[in-house]
Amino acid sequence: MSGPFFIIGAQRSGTTLLRLILNSHSHISIPEEGTFWMPILRDCKHNIASEIPKTKLKNYFEYIKKNNQFKLWKIEITELEEELMNRKEVTPHVLMTAIYSKYNETQNKIIWGDKTPSFFRMIPIIAEIFPDAKFIHVVRDGRDIHLSLKKLGLYQSNVCVDALEWVHKVKKAQMDLNTLESDRFLEIRYEDLVSNFDKTIHTICTFLTLSYENPMVDFWKNSEKFIGKHHSKKIFQPVTTDSTKKWKKTMTKKELGKFDILAGMLLEDLGYEIIPSMMNFGSFFSMLCDLISGIPIRIARLLWTAIVLKISSKFGLATEASGKGHCPTG
């Protein structure tokens with residue numbers, strides 16, 4: 001490969017699973033999520049090829065070093081900071097490449113990748129910063145994603161908002177990816193990854209122009225080297241299909257009806273099974289209430305996170321807004 005690659009997808013789509021599988025390849029290293037990059041990417045949106053002013057660059061480094069999410073990478077970048085601060089010109093490409101390459105060195109690998117689900121919003125910017133970058137879009141049945149989010153308690157349980165958000169994320173990623181050359185992106189389904197593991201991984205390796213390696217099958221034996229215990233226990237175990245089609249047993253007919261109305265067309269386009277369900281006036285009224293109460297809460301949460309990250313990156317402050325967790329033990 002001549003450039004890096006980025007794994008994207010709606011949260012709980014299986015991007016972490018794919019990250020761990022690919023980390024078992026002898027050439028690939030993918031650190032923990034890089035959501036902390038979001039305000040920096042937004043800052044450089046209209047000046048991608050321009051030099052980052054030294055004062056701003058200094059604050060970026062302070063912000064990154066203090067960020068709880070970046071601490072999960074377990075790398076020291078003080079010397080790198082000094083080196084780049086003394087460099088004549090540092091662009092977003094130089095900054096990001098330097099930090100990812102530093103992680104790469106700690107893993108003794110030659111190709112770096114990224115697994116940050118929220119980067120689905122940043123495909124055009126990333127594609128311009130890294131003209132040789134490739135993208136792997138992981139898609140999963142939105143109904144199972146809803147159940148996974150509900151189980152984790154990450155958000156207020158709202159099947160209607162989850163359905164709309166899933167549609168937005170998948171379609172946004174597809175729309176932006178389709179503006180790139182076809183050999184720069186690959187879309188896979190989580191369900192295919194766990195049910196037809198070898199074939200799917202061979203497809204991914206071919207896309208990345210890398211050879212398939214047997215240790216990827218046993219990725220779970222080394223998961224603790226790359227990820228903390230705050231993640232699902234399933235990624236420390238062999239791949240199974242246990243997490244597919246849970247919606248059939250768990251979601252009520254009323255919930256399925258709401259999801260079908262809001263996301264049924266996309267489910268069908270992606271080849272997922274749909275069970276028709278009857279919706280009456282009461283169900284429509286309930287769906288409307290869910291949307292009216294849930295959308296403002298979800299938007300407020302997203303805006304709050306974006307504002308906190310923006311302020312933190314601008315002034316070099318510590319923040320947990322991009323996420324936190326336990327460091328890998330390996």
# chains A, B, ... in the order shown; residues from 1 in each chain; ligands from 1

call {"tool": "closest_atom_pairs", "arguments": {"of": "stretch 222-274 of chain A", "to": "stretch 280-290 of chain A", "cutoff": "10 Å", "atoms": "only C-alpha atoms", "output": "Markdown table"}}
result
| residue | atom | partner | partner_atom | distance |
| --- | --- | --- | --- | --- |
| A:Lys254 | CA | A:Ser283 | CA | 7.0 |
| A:Glu255 | CA | A:Met287 | CA | 9.1 |
| A:Gly257 | CA | A:Ser283 | CA | 8.3 |
| A:Lys258 | CA | A:Met287 | CA | 6.4 |
| A:Phe259 | CA | A:Met287 | CA | 9.4 |
| A:Ile261 | CA | A:Phe284 | CA | 9.6 |
| A:Leu262 | CA | A:Met287 | CA | 9.6 |

call {"tool": "write_last_selection", "arguments": {"atoms": "C-alpha atoms", "output": "PDB file, in the first residue's frame"}}
result
ATOM      1  CA  LYS A 254     -44.363  -2.144  17.660  1.00  0.00           C
ATOM      2  CA  GLU A 255     -40.633  -1.351  17.699  1.00  0.00           C
ATOM      3  CA  GLY A 257     -42.903  -1.359  12.824  1.00  0.00           C
ATOM      4  CA  LYS A 258     -41.382   1.992  13.764  1.00  0.00           C
ATOM      5  CA  PHE A 259     -37.918   0.950  12.573  1.00  0.00           C
ATOM      6  CA  ILE A 261     -41.128   2.890   8.502  1.00  0.00           C
ATOM      7  CA  LEU A 262     -38.019   4.987   9.164  1.00  0.00           C
TER       8      LEU A 262
END

call {"tool": "select_by_dssp", "arguments": {"residues": "stretch 109-159 of chain A", "states": "strand (DSSP E or B)", "output": "compact mmCIF listing (two decimals) with N, CA and C atoms, in the first residue's frame"}}
result
# COMPACT_ATOMS: atom_id res chain seq x y z
N ILE A 111 2.53 -0.49 8.01
CA ILE A 111 1.33 0.14 7.47
C ILE A 111 0.43 0.54 8.63
N TRP A 112 -0.03 1.79 8.63
CA TRP A 112 -0.93 2.18 9.70
C TRP A 112 -2.35 2.42 9.16
N GLY A 113 -3.30 2.13 10.02
CA GLY A 113 -4.70 2.37 9.71
C GLY A 113 -5.36 3.08 10.87
N ASP A 114 -6.63 3.38 10.70
CA ASP A 114 -7.40 4.06 11.75
C ASP A 114 -8.78 3.41 11.83
N LYS A 115 -9.31 3.36 13.05
CA LYS A 115 -10.67 2.86 13.25
C LYS A 115 -11.40 3.85 14.14
N LYS A 134 -7.29 4.57 1.67
CA LYS A 134 -8.43 3.73 1.34
C LYS A 134 -9.39 3.69 2.52
N PHE A 135 -10.64 3.33 2.24
CA PHE A 135 -11.67 3.31 3.27
C PHE A 135 -12.41 1.97 3.25
N ILE A 136 -12.63 1.43 4.44
CA ILE A 136 -13.44 0.22 4.60
C ILE A 136 -14.67 0.60 5.40
N HIS A 137 -15.83 0.49 4.77
CA HIS A 137 -17.09 0.86 5.41
C HIS A 137 -17.77 -0.40 5.91
N VAL A 138 -17.94 -0.51 7.23
CA VAL A 138 -18.58 -1.67 7.83
C VAL A 138 -20.05 -1.34 8.10
N VAL A 139 -20.94 -2.16 7.55
CA VAL A 139 -22.38 -1.96 7.72
C VAL A 139 -22.95 -3.11 8.53

call {"tool": "closest_atom_pairs", "arguments": {"of": "stretch 85-191 of chain A", "to": "stretch 13-36 of chain A", "cutoff": "10 Å", "atoms": "only C-alpha atoms", "output": "tab-separated table"}}
result
residue	atom	partner	partner_atom	distance
A:Tyr100	CA	A:Pro31	CA	8.0
A:Ser101	CA	A:Ser29	CA	9.4
A:Tyr103	CA	A:Pro31	CA	7.2
A:Asn104	CA	A:Ser29	CA	5.9
A:Glu105	CA	A:Ser29	CA	9.1
A:Thr106	CA	A:Ser29	CA	9.3
A:Gln107	CA	A:Ser29	CA	6.6
A:Asn108	CA	A:His27	CA	8.2
A:Lys109	CA	A:His27	CA	4.9
A:Ile110	CA	A:His27	CA	5.3
A:Ile111	CA	A:Ile28	CA	4.9
A:Trp112	CA	A:Ser29	CA	5.0
A:Gly113	CA	A:Ile30	CA	4.8
A:Asp114	CA	A:Ile30	CA	5.3
A:Lys115	CA	A:Glu33	CA	5.6
A:Thr116	CA	A:Glu33	CA	4.8
A:Pro117	CA	A:Thr15	CA	7.3
A:Ser118	CA	A:Thr35	CA	6.7
A:Phe119	CA	A:Thr35	CA	7.7
A:Ile136	CA	A:Thr15	CA	9.2
A:His137	CA	A:Thr15	CA	8.6
A:Val138	CA	A:Ser13	CA	6.3
A:Val139	CA	A:Ser13	CA	5.9
A:Arg140	CA	A:Ser13	CA	5.0
A:Asp141	CA	A:Ser13	CA	8.0
A:Gly142	CA	A:Ser13	CA	8.5
A:Asp144	CA	A:Ser13	CA	8.8
A:Ile145	CA	A:Ser13	CA	6.6
A:Ser148	CA	A:Ser13	CA	9.4
A:Arg189	CA	A:Ser13	CA	8.6
A:Tyr190	CA	A:Gly14	CA	5.9
A:Glu191	CA	A:Gly14	CA	9.2

call {"tool": "write_last_selection", "arguments": {"atoms": "C-alpha atoms", "output": "JSON list (two decimals), in the first residue's frame"}}
result
[["chain", "number", "residue", "atom", "x", "y", "z"],
["A", 100, "TYR", "CA", 0.20, 7.54, 13.56],
["A", 101, "SER", "CA", 3.68, 6.56, 12.42],
["A", 103, "TYR", "CA", 2.30, 4.35, 17.04],
["A", 104, "ASN", "CA", 3.35, 2.21, 14.09],
["A", 105, "GLU", "CA", 6.93, 2.16, 15.37],
["A", 106, "THR", "CA", 5.84, 0.89, 18.79],
["A", 107, "GLN", "CA", 4.13, -2.06, 17.06],
["A", 108, "ASN", "CA", 7.02, -2.74, 14.65],
["A", 109, "LYS", "CA", 4.64, -2.52, 11.70],
["A", 110, "ILE", "CA", 4.94, -0.80, 8.30],
["A", 111, "ILE", "CA", 1.33, 0.14, 7.47],
["A", 112, "TRP", "CA", -0.93, 2.18, 9.70],
["A", 113, "GLY", "CA", -4.70, 2.37, 9.71],
["A", 114, "ASP", "CA", -7.40, 4.06, 11.75],
["A", 115, "LYS", "CA", -10.67, 2.86, 13.25],
["A", 116, "THR", "CA", -12.81, 5.84, 14.23],
["A", 117, "PRO", "CA", -16.54, 5.43, 13.51],
["A", 118, "SER", "CA", -17.21, 9.19, 13.67],
["A", 119, "PHE", "CA", -14.87, 9.73, 10.71],
["A", 136, "ILE", "CA", -13.44, 0.22, 4.60],
["A", 137, "HIS", "CA", -17.09, 0.86, 5.41],
["A", 138, "VAL", "CA", -18.58, -1.67, 7.83],
["A", 139, "VAL", "CA", -22.38, -1.96, 7.72],
["A", 140, "ARG", "CA", -24.53, -3.80, 10.24],
["A", 141, "ASP", "CA", -28.28, -4.34, 10.57],
["A", 142, "GLY", "CA", -29.52, -1.16, 12.25],
["A", 144, "ASP", "CA", -29.11, -5.03, 16.04],
["A", 145, "ILE", "CA", -27.17, -1.79, 16.45],
["A", 148, "SER", "CA", -26.46, -3.08, 21.24],
["A", 189, "ARG", "CA", -21.43, -6.31, 6.12],
["A", 190, "TYR", "CA", -20.79, -7.29, 9.71],
["A", 191, "GLU", "CA", -23.01, -10.31, 9.18]]

call {"tool": "atom_distance", "arguments": {"atom1": "atom CA of A:Asn158", "atom2": "atom CA of A:Glu273"}}
result
21.5 Å

call {"tool": "residues_around", "arguments": {"residues": "A:Lys314", "least_positions_apart": "6", "cutoff": "10 Å", "atoms": "only C-alpha atoms", "output": "VMD selection string"}}
result
chain A and resid 39 to 40 43 55 to 60 62 to 63 308

call {"tool": "residues_around", "arguments": {"residues": "A:Thr179", "least_positions_apart": "3", "cutoff": "10 Å", "atoms": "only C-alpha atoms", "output": "list in words"}}
result
Ile123, Pro124, Gln174, Met175, Asp176 and Ser182 of chain A

call {"tool": "select_by_dssp", "arguments": {"residues": "stretch 94-314 of chain A", "states": "alpha helix (DSSP H)", "output": "VMD selection string"}}
result
chain A and resid 94 to 107 123 to 129 142 to 152 159 to 177 190 to 195 197 to 207 247 to 250 253 to 269 281 to 314

call {"tool": "write_last_selection", "arguments": {"atoms": "C-alpha atoms", "output": "short mmCIF file (atom, residue, chain, number, x, y, z; two decimals), in the first residue's frame"}}
result
data_model
loop_
_atom_site.label_atom_id
_atom_site.label_comp_id
_atom_site.auth_asym_id
_atom_site.auth_seq_id
_atom_site.Cartn_x
_atom_site.Cartn_y
_atom_site.Cartn_z
CA VAL A 94 2.45 15.92 8.37
CA LEU A 95 0.95 16.12 11.88
CA MET A 96 -1.35 13.13 11.53
CA THR A 97 1.20 11.00 9.69
CA ALA A 98 3.84 11.70 12.34
CA ILE A 99 1.61 10.63 15.26
CA TYR A 100 0.20 7.54 13.56
CA SER A 101 3.68 6.56 12.42
CA LYS A 102 4.91 6.90 15.99
CA TYR A 103 2.30 4.35 17.04
CA ASN A 104 3.35 2.21 14.09
CA GLU A 105 6.93 2.16 15.37
CA THR A 106 5.84 0.89 18.79
CA GLN A 107 4.13 -2.06 17.06
CA ILE A 123 -14.43 11.28 4.42
CA PRO A 124 -13.91 14.18 1.93
CA ILE A 125 -11.43 15.91 4.25
CA ILE A 126 -9.47 12.75 5.05
CA ALA A 127 -9.45 11.73 1.39
CA GLU A 128 -7.91 15.09 0.51
CA ILE A 129 -5.36 15.03 3.33
CA GLY A 142 -29.52 -1.16 12.25
CA ARG A 143 -31.95 -3.09 14.44
CA ASP A 144 -29.11 -5.03 16.04
CA ILE A 145 -27.17 -1.79 16.45
CA HIS A 146 -30.15 -0.33 18.32
CA LEU A 147 -30.21 -3.32 20.66
CA SER A 148 -26.46 -3.08 21.24
CA LEU A 149 -26.67 0.61 22.13
CA LYS A 150 -29.64 -0.08 24.38
CA LYS A 151 -27.78 -2.86 26.18
CA LEU A 152 -24.76 -0.66 26.81
CA VAL A 159 -35.77 3.14 18.63
CA CYS A 160 -36.98 5.91 16.30
CA VAL A 161 -33.97 8.16 16.81
CA ASP A 162 -31.64 5.16 16.51
CA ALA A 163 -33.28 4.24 13.20
CA LEU A 164 -32.92 7.76 11.75
CA GLU A 165 -29.34 8.07 12.98
CA TRP A 166 -28.41 4.71 11.44
CA VAL A 167 -29.88 5.73 8.08
CA HIS A 168 -28.05 9.06 8.19
CA LYS A 169 -24.68 7.52 9.01
CA VAL A 170 -24.86 4.77 6.40
CA LYS A 171 -26.13 7.03 3.62
CA LYS A 172 -23.70 9.84 4.46
CA ALA A 173 -20.76 7.42 4.27
CA GLN A 174 -22.03 5.86 1.04
CA MET A 175 -22.63 9.22 -0.58
CA ASP A 176 -19.14 10.54 0.20
CA LEU A 177 -17.39 7.28 -0.65
CA TYR A 190 -20.79 -7.29 9.71
CA GLU A 191 -23.01 -10.31 9.18
CA ASP A 192 -20.77 -11.53 6.32
CA LEU A 193 -17.67 -10.96 8.41
CA VAL A 194 -18.85 -13.26 11.22
CA SER A 195 -20.64 -15.85 9.08
CA PHE A 197 -14.96 -15.05 7.97
CA ASP A 198 -12.25 -16.37 5.63
CA LYS A 199 -13.87 -15.14 2.42
CA THR A 200 -14.53 -11.67 3.84
CA ILE A 201 -11.01 -11.27 5.23
CA HIS A 202 -9.52 -12.46 1.94
CA THR A 203 -11.59 -9.79 0.18
CA ILE A 204 -10.31 -7.12 2.57
CA CYS A 205 -6.70 -8.21 2.17
CA THR A 206 -7.04 -8.13 -1.61
CA PHE A 207 -8.52 -4.63 -1.37
CA TRP A 247 -33.83 -8.19 16.76
CA LYS A 248 -36.03 -11.15 15.80
CA LYS A 249 -36.20 -12.35 19.39
CA THR A 250 -35.86 -9.11 21.31
CA LYS A 253 -43.72 -5.77 16.79
CA LYS A 254 -44.36 -2.14 17.66
CA GLU A 255 -40.63 -1.35 17.70
CA LEU A 256 -40.06 -3.26 14.46
CA GLY A 257 -42.90 -1.36 12.82
CA LYS A 258 -41.38 1.99 13.76
CA PHE A 259 -37.92 0.95 12.57
CA ASP A 260 -39.35 -0.37 9.31
CA ILE A 261 -41.13 2.89 8.50
CA LEU A 262 -38.02 4.99 9.16
CA ALA A 263 -35.30 2.67 7.85
CA GLY A 264 -37.02 -0.12 5.92
CA MET A 265 -35.90 1.07 2.48
CA LEU A 266 -32.25 1.09 3.50
CA LEU A 267 -32.56 -2.29 5.21
CA GLU A 268 -33.96 -3.70 2.00
CA ASP A 269 -31.29 -2.03 -0.16
CA PHE A 281 -52.82 5.50 14.49
CA GLY A 282 -51.60 4.91 18.02
CA SER A 283 -48.31 3.52 16.75
CA PHE A 284 -47.78 6.50 14.45
CA PHE A 285 -48.54 8.90 17.29
CA SER A 286 -46.07 7.04 19.54
CA MET A 287 -43.41 7.24 16.83
CA LEU A 288 -43.98 10.96 16.46
CA CYS A 289 -43.63 11.46 20.21
CA ASP A 290 -40.39 9.46 20.21
CA LEU A 291 -38.94 11.67 17.49
CA ILE A 292 -40.07 14.95 19.04
CA SER A 293 -38.61 14.02 22.43
CA GLY A 294 -35.52 12.17 21.24
CA ILE A 295 -34.07 14.20 18.36
CA PRO A 296 -33.39 17.41 20.39
CA ILE A 297 -31.64 15.36 23.08
CA ARG A 298 -29.43 13.59 20.56
CA ILE A 299 -28.57 16.83 18.70
CA ALA A 300 -27.79 18.60 21.98
CA ARG A 301 -25.42 15.80 22.96
CA LEU A 302 -23.59 15.96 19.62
CA LEU A 303 -23.31 19.75 19.74
CA TRP A 304 -22.05 19.70 23.31
CA THR A 305 -19.33 17.19 22.43
CA ALA A 306 -18.28 19.20 19.37
CA ILE A 307 -18.11 22.45 21.35
CA VAL A 308 -16.08 20.92 24.18
CA LEU A 309 -13.61 19.35 21.74
CA LYS A 310 -13.34 22.61 19.80
CA ILE A 311 -12.53 24.63 22.90
CA SER A 312 -10.15 21.99 24.27
CA SER A 313 -8.16 21.76 21.02
CA LYS A 314 -8.00 25.52 20.64
#

call {"tool": "residues_around", "arguments": {"residues": "A:Gly325", "least_positions_apart": "6", "cutoff": "12 Å", "atoms": "only C-alpha atoms", "output": "list of chain:residue names"}}
result
A:Glu32, A:Glu33, A:Asn67, A:Asn68, A:Gln69, A:Phe70, A:Lys71, A:Leu72, A:Trp73, A:Ile227, A:Gly228, A:Lys229, A:His230, A:His231

call {"tool": "write_last_selection", "arguments": {"atoms": "C-alpha atoms", "output": "mmCIF file, in the first residue's frame"}}
result
data_model
loop_
_atom_site.group_PDB
_atom_site.id
_atom_site.type_symbol
_atom_site.label_atom_id
_atom_site.label_comp_id
_atom_site.auth_asym_id
_atom_site.auth_seq_id
_atom_site.Cartn_x
_atom_site.Cartn_y
_atom_site.Cartn_z
ATOM 1 C CA GLU A 32 -7.585 2.935 19.548
ATOM 2 C CA GLU A 33 -10.162 5.378 18.195
ATOM 3 C CA ASN A 67 -6.759 13.688 25.944
ATOM 4 C CA ASN A 68 -7.951 10.549 27.760
ATOM 5 C CA GLN A 69 -8.747 8.787 24.506
ATOM 6 C CA PHE A 70 -5.243 9.378 23.123
ATOM 7 C CA LYS A 71 -3.721 8.014 26.329
ATOM 8 C CA LEU A 72 -5.088 4.603 25.311
ATOM 9 C CA TRP A 73 -2.560 4.638 22.448
ATOM 10 C CA ILE A 227 -7.835 -2.985 23.591
ATOM 11 C CA GLY A 228 -9.003 -2.536 27.174
ATOM 12 C CA LYS A 229 -11.520 -4.575 29.130
ATOM 13 C CA HIS A 230 -14.174 -1.858 28.801
ATOM 14 C CA HIS A 231 -15.161 -3.385 25.450
#

call {"tool": "decode", "arguments": {"residues": "stretch 91-117 of chain A", "atoms": "N, CA and C atoms", "output": "PDB file, in the first residue's frame"}}
result
ATOM      1  N   THR A  91       1.884  20.623   8.034  1.00  0.00           N
ATOM      2  CA  THR A  91       0.518  20.608   7.524  1.00  0.00           C
ATOM      3  C   THR A  91      -0.283  19.554   8.291  1.00  0.00           C
ATOM      4  N   PRO A  92      -1.604  19.518   8.131  1.00  0.00           N
ATOM      5  CA  PRO A  92      -2.392  18.443   8.758  1.00  0.00           C
ATOM      6  C   PRO A  92      -1.897  17.053   8.368  1.00  0.00           C
ATOM      7  N   HIS A  93      -1.465  16.899   7.125  1.00  0.00           N
ATOM      8  CA  HIS A  93      -0.938  15.606   6.674  1.00  0.00           C
ATOM      9  C   HIS A  93       0.307  15.225   7.469  1.00  0.00           C
ATOM     10  N   VAL A  94       1.206  16.179   7.643  1.00  0.00           N
ATOM     11  CA  VAL A  94       2.451  15.917   8.369  1.00  0.00           C
ATOM     12  C   VAL A  94       2.159  15.573   9.827  1.00  0.00           C
ATOM     13  N   LEU A  95       1.270  16.334  10.468  1.00  0.00           N
ATOM     14  CA  LEU A  95       0.948  16.121  11.880  1.00  0.00           C
ATOM     15  C   LEU A  95       0.347  14.742  12.102  1.00  0.00           C
ATOM     16  N   MET A  96      -0.669  14.403  11.329  1.00  0.00           N
ATOM     17  CA  MET A  96      -1.347  13.126  11.534  1.00  0.00           C
ATOM     18  C   MET A  96      -0.436  11.952  11.185  1.00  0.00           C
ATOM     19  N   THR A  97       0.291  12.078  10.094  1.00  0.00           N
ATOM     20  CA  THR A  97       1.202  11.004   9.692  1.00  0.00           C
ATOM     21  C   THR A  97       2.261  10.759  10.754  1.00  0.00           C
ATOM     22  N   ALA A  98       2.782  11.829  11.329  1.00  0.00           N
ATOM     23  CA  ALA A  98       3.837  11.697  12.336  1.00  0.00           C
ATOM     24  C   ALA A  98       3.338  10.943  13.560  1.00  0.00           C
ATOM     25  N   ILE A  99       2.131  11.256  14.031  1.00  0.00           N
ATOM     26  CA  ILE A  99       1.614  10.630  15.257  1.00  0.00           C
ATOM     27  C   ILE A  99       1.208   9.183  14.995  1.00  0.00           C
ATOM     28  N   TYR A 100       0.550   8.923  13.883  1.00  0.00           N
ATOM     29  CA  TYR A 100       0.198   7.535  13.562  1.00  0.00           C
ATOM     30  C   TYR A 100       1.455   6.700  13.314  1.00  0.00           C
ATOM     31  N   SER A 101       2.444   7.290  12.676  1.00  0.00           N
ATOM     32  CA  SER A 101       3.685   6.562  12.416  1.00  0.00           C
ATOM     33  C   SER A 101       4.436   6.257  13.705  1.00  0.00           C
ATOM     34  N   LYS A 102       4.296   7.145  14.689  1.00  0.00           N
ATOM     35  CA  LYS A 102       4.908   6.895  15.993  1.00  0.00           C
ATOM     36  C   LYS A 102       4.286   5.656  16.631  1.00  0.00           C
ATOM     37  N   TYR A 103       2.976   5.553  16.535  1.00  0.00           N
ATOM     38  CA  TYR A 103       2.304   4.346  17.044  1.00  0.00           C
ATOM     39  C   TYR A 103       2.773   3.130  16.253  1.00  0.00           C
ATOM     40  N   ASN A 104       2.896   3.290  14.961  1.00  0.00           N
ATOM     41  CA  ASN A 104       3.348   2.211  14.085  1.00  0.00           C
ATOM     42  C   ASN A 104       4.700   1.654  14.547  1.00  0.00           C
ATOM     43  N   GLU A 105       5.586   2.564  14.918  1.00  0.00           N
ATOM     44  CA  GLU A 105       6.926   2.156  15.374  1.00  0.00           C
ATOM     45  C   GLU A 105       6.841   1.302  16.628  1.00  0.00           C
ATOM     46  N   THR A 106       5.953   1.658  17.536  1.00  0.00           N
ATOM     47  CA  THR A 106       5.842   0.892  18.789  1.00  0.00           C
ATOM     48  C   THR A 106       5.346  -0.525  18.530  1.00  0.00           C
ATOM     49  N   GLN A 107       4.663  -0.734  17.400  1.00  0.00           N
ATOM     50  CA  GLN A 107       4.126  -2.060  17.061  1.00  0.00           C
ATOM     51  C   GLN A 107       5.018  -2.811  16.077  1.00  0.00           C
ATOM     52  N   ASN A 108       6.103  -2.149  15.644  1.00  0.00           N
ATOM     53  CA  ASN A 108       7.017  -2.743  14.653  1.00  0.00           C
ATOM     54  C   ASN A 108       6.285  -3.148  13.380  1.00  0.00           C
ATOM     55  N   LYS A 109       5.399  -2.275  12.919  1.00  0.00           N
ATOM     56  CA  LYS A 109       4.635  -2.516  11.698  1.00  0.00           C
ATOM     57  C   LYS A 109       5.019  -1.489  10.633  1.00  0.00           C
ATOM     58  N   ILE A 110       4.568  -1.708   9.398  1.00  0.00           N
ATOM     59  CA  ILE A 110       4.944  -0.804   8.303  1.00  0.00           C
ATOM     60  C   ILE A 110       3.744  -0.092   7.674  1.00  0.00           C
ATOM     61  N   ILE A 111       2.528  -0.492   8.011  1.00  0.00           N
ATOM     62  CA  ILE A 111       1.329   0.141   7.466  1.00  0.00           C
ATOM     63  C   ILE A 111       0.428   0.541   8.631  1.00  0.00           C
ATOM     64  N   TRP A 112      -0.025   1.790   8.628  1.00  0.00           N
ATOM     65  CA  TRP A 112      -0.934   2.182   9.696  1.00  0.00           C
ATOM     66  C   TRP A 112      -2.349   2.419   9.157  1.00  0.00           C
ATOM     67  N   GLY A 113      -3.299   2.133  10.022  1.00  0.00           N
ATOM     68  CA  GLY A 113      -4.697   2.368   9.705  1.00  0.00           C
ATOM     69  C   GLY A 113      -5.362   3.081  10.865  1.00  0.00           C
ATOM     70  N   ASP A 114      -6.627   3.384  10.703  1.00  0.00           N
ATOM     71  CA  ASP A 114      -7.399   4.055  11.750  1.00  0.00           C
ATOM     72  C   ASP A 114      -8.776   3.413  11.830  1.00  0.00           C
ATOM     73  N   LYS A 115      -9.313   3.358  13.049  1.00  0.00           N
ATOM     74  CA  LYS A 115     -10.666   2.865  13.251  1.00  0.00           C
ATOM     75  C   LYS A 115     -11.402   3.854  14.142  1.00  0.00           C
ATOM     76  N   THR A 116     -12.048   4.846  13.501  1.00  0.00           N
ATOM     77  CA  THR A 116     -12.807   5.844  14.231  1.00  0.00           C
ATOM     78  C   THR A 116     -14.168   5.988  13.575  1.00  0.00           C
ATOM     79  N   PRO A 117     -15.220   5.394  14.143  1.00  0.00           N
ATOM     80  CA  PRO A 117     -16.541   5.430  13.506  1.00  0.00           C
ATOM     81  C   PRO A 117     -17.002   6.830  13.117  1.00  0.00           C
TER      82      PRO A 117
END
